[in-house]
Amino acid sequence: MDAFYASVELLRYPELKGQPVVIGGGRRHQPVEKDGRREFARLANYVGRGVITTATYEARAFGVHSGMGLMKAAALAPDTVLLPTDFDEYRKYSRMFKAAVREVTRQIEDRGIDEIYIDLTGLPGDSRRIALRIQERVRSATGLSCSIGIAPNKLLAKICSELDKPNGVTILSQADVPARIWPLPARRINGIGPKANAKLEALGIRTVGGLAAADRQLLIEQFGRSYGAWMHEAAHGRDERAVVTFSEPKSISRETTFERDLHAVRDRDTLSGIFTDLCVRLSEDLARKGYLGKTIGIKLRYDNFKTVTRDHTIEQPTADARTIRRAAGECLKRTPLDRRLRLLGVRVGSLVRAGTVEVAQPHKSAELFD
């Protein structure tokens, strides 16, 4: 999907179309009505340590991008509109766009909220026409655009889906790899992150073509047998992974990063409300997806960026919010709370399909911090 979160917001605020917009603010950055008009927050007025979730293409022209700190973005593009994230809305549109694609084919691998792989092998007709039909269905169902890459395998399809955004269709054959893929930066290969890319650059390898030309044994020596060999194969556009149309999730989670660090005692009521909300939303996610779980876990990130996790296993699988909250509270009792917190998350694992086991009876809610 093209600039997915931002595009969903532009449906809600069509007056922002064509303007630089970033998504990543908290609830305090909600637009306000004044004299019959909406007033939007601007990056110039932002103070905090939040990061950009996504940005419109107009904002990207200023050099801002997902993962960039909002304060840094404000220095580059102070007049850019800042909107809060609304993941419930994004999940709704995610379900809608995937349902639209399933009207064309059910050979789909779900890769997250805004991306899927599709196996076109068994579909009759021209690939480009199929892609255009998918784009038409998605736009009709959601009002949003998507970009599609068609290639012999998932690795190449992922790369070429990003070559002609927005609303592009890119078709790539194995023979096109030297001309169209090798000139790209090595980091464009999904799986080569910042650390690996920096190490490649230290070796004088900056492009996919440079990686393809590198000695395979050198890559193995520098990056390990498995990862080094994979790099060499990926640079030549080789990928044997199949499109996996179904896999059971191992866990389902909800988490939130606070706009300011919260103290376990002084901000107890605020934390308790956030904690309850996470458990309720997680319970709703489990019910909607048809799962129960018996391993309840928490995730805390402190103000020094250290992250800890704790798990607690209950006797019977559940999707009940009170039961989840109570078990997560047991995890909190085993967690140091001597530093301020910047993130709180709740997870349910050891999942089973609802209806295959007896559901645990609800328990009374426990306080977040006793």
# chains A, B, ... in the order shown; residues from 1 in each chain; ligands from 1
call {"tool": "residues_around", "arguments": {"residues": "A:Val47", "least_positions_apart": "5", "cutoff": "10 Å", "atoms": "only C-alpha atoms", "output": "number ranges by chain"}}
result
A: 70-71, 74, 259
call {"tool": "write_last_selection", "arguments": {"atoms": "C-alpha atoms", "output": "compact mmCIF listing (two decimals), in the first residue's frame"}}
result
# COMPACT_ATOMS: atom_id res chain seq x y z
CA LEU A 70 9.88 14.19 14.91
CA MET A 71 12.20 16.86 16.31
CA ALA A 74 10.73 19.58 12.36
CA GLU A 259 4.60 10.64 24.90
call {"tool": "residues_around", "arguments": {"residues": "A:Trp230", "least_positions_apart": "3", "cutoff": "12 Å", "atoms": "only C-alpha atoms", "output": "PyMOL selection string"}}
result
chain A and resi 155+189-192+211-212+216-217+219-220+223-227+233-240
call {"tool": "select_by_dssp", "arguments": {"residues": "stretch 121-265 of chain A", "states": "strand (DSSP E or B)", "output": "PyMOL selection string"}}
result
chain A and resi 148-150+169-171+185+207+251-262
call {"tool": "closest_residue", "arguments": {"among": "A:Leu156, A:Ser161, A:Met96, A:Thr257", "to": "A:Val208", "atoms": "only C-alpha atoms"}}
result
A:Leu156
call {"tool": "residues_around", "arguments": {"residues": "A:Arg288", "least_positions_apart": "5", "cutoff": "12 Å", "atoms": "only C-alpha atoms", "output": "number ranges by chain"}}
result
A: 91-92, 95, 252, 281-283, 319, 353-354
call {"tool": "residues_around", "arguments": {"residues": "A:Ala41", "least_positions_apart": "5", "cutoff": "6 Å", "atoms": "only C-alpha atoms", "output": "ChimeraX atom specification"}}
result
/A:29,81-82
call {"tool": "residues_around", "arguments": {"residues": "A:Pro31", "least_positions_apart": "6", "cutoff": "8 Å", "atoms": "only C-alpha atoms", "output": "list in words"}}
result
Arg38, Glu39, Phe40, Ala41 and Leu83 of chain A
call {"tool": "write_last_selection", "arguments": {"atoms": "N, CA and C atoms", "output": "short mmCIF file (atom, residue, chain, number, x, y, z; two decimals), in the first residue's frame"}}
result
data_model
loop_
_atom_site.label_atom_id
_atom_site.label_comp_id
_atom_site.auth_asym_id
_atom_site.auth_seq_id
_atom_site.Cartn_x
_atom_site.Cartn_y
_atom_site.Cartn_z
N ARG A 38 -10.96 23.19 10.39
CA ARG A 38 -10.03 22.36 11.15
C ARG A 38 -8.67 23.03 11.21
N GLU A 39 -8.09 23.00 12.39
CA GLU A 39 -6.72 23.47 12.55
C GLU A 39 -5.84 22.28 12.89
N PHE A 40 -4.71 22.16 12.20
CA PHE A 40 -3.84 21.01 12.35
C PHE A 40 -2.54 21.39 13.06
N ALA A 41 -2.02 20.44 13.82
CA ALA A 41 -0.72 20.62 14.45
C ALA A 41 0.37 20.64 13.39
N LEU A 83 -0.07 14.50 12.39
CA LEU A 83 -1.31 13.83 12.80
C LEU A 83 -0.99 12.67 13.74
#
call {"tool": "closest_residue", "arguments": {"among": "A:Asp277, A:Ala157, A:Pro124, A:Asp164", "to": "A:Val177", "atoms": "only C-alpha atoms"}}
result
A:Ala157
call {"tool": "closest_residue", "arguments": {"among": "A:Leu343, A:Ala202, A:Val244, A:Ala328", "to": "A:Asp119", "atoms": "only C-alpha atoms"}}
result
A:Val244
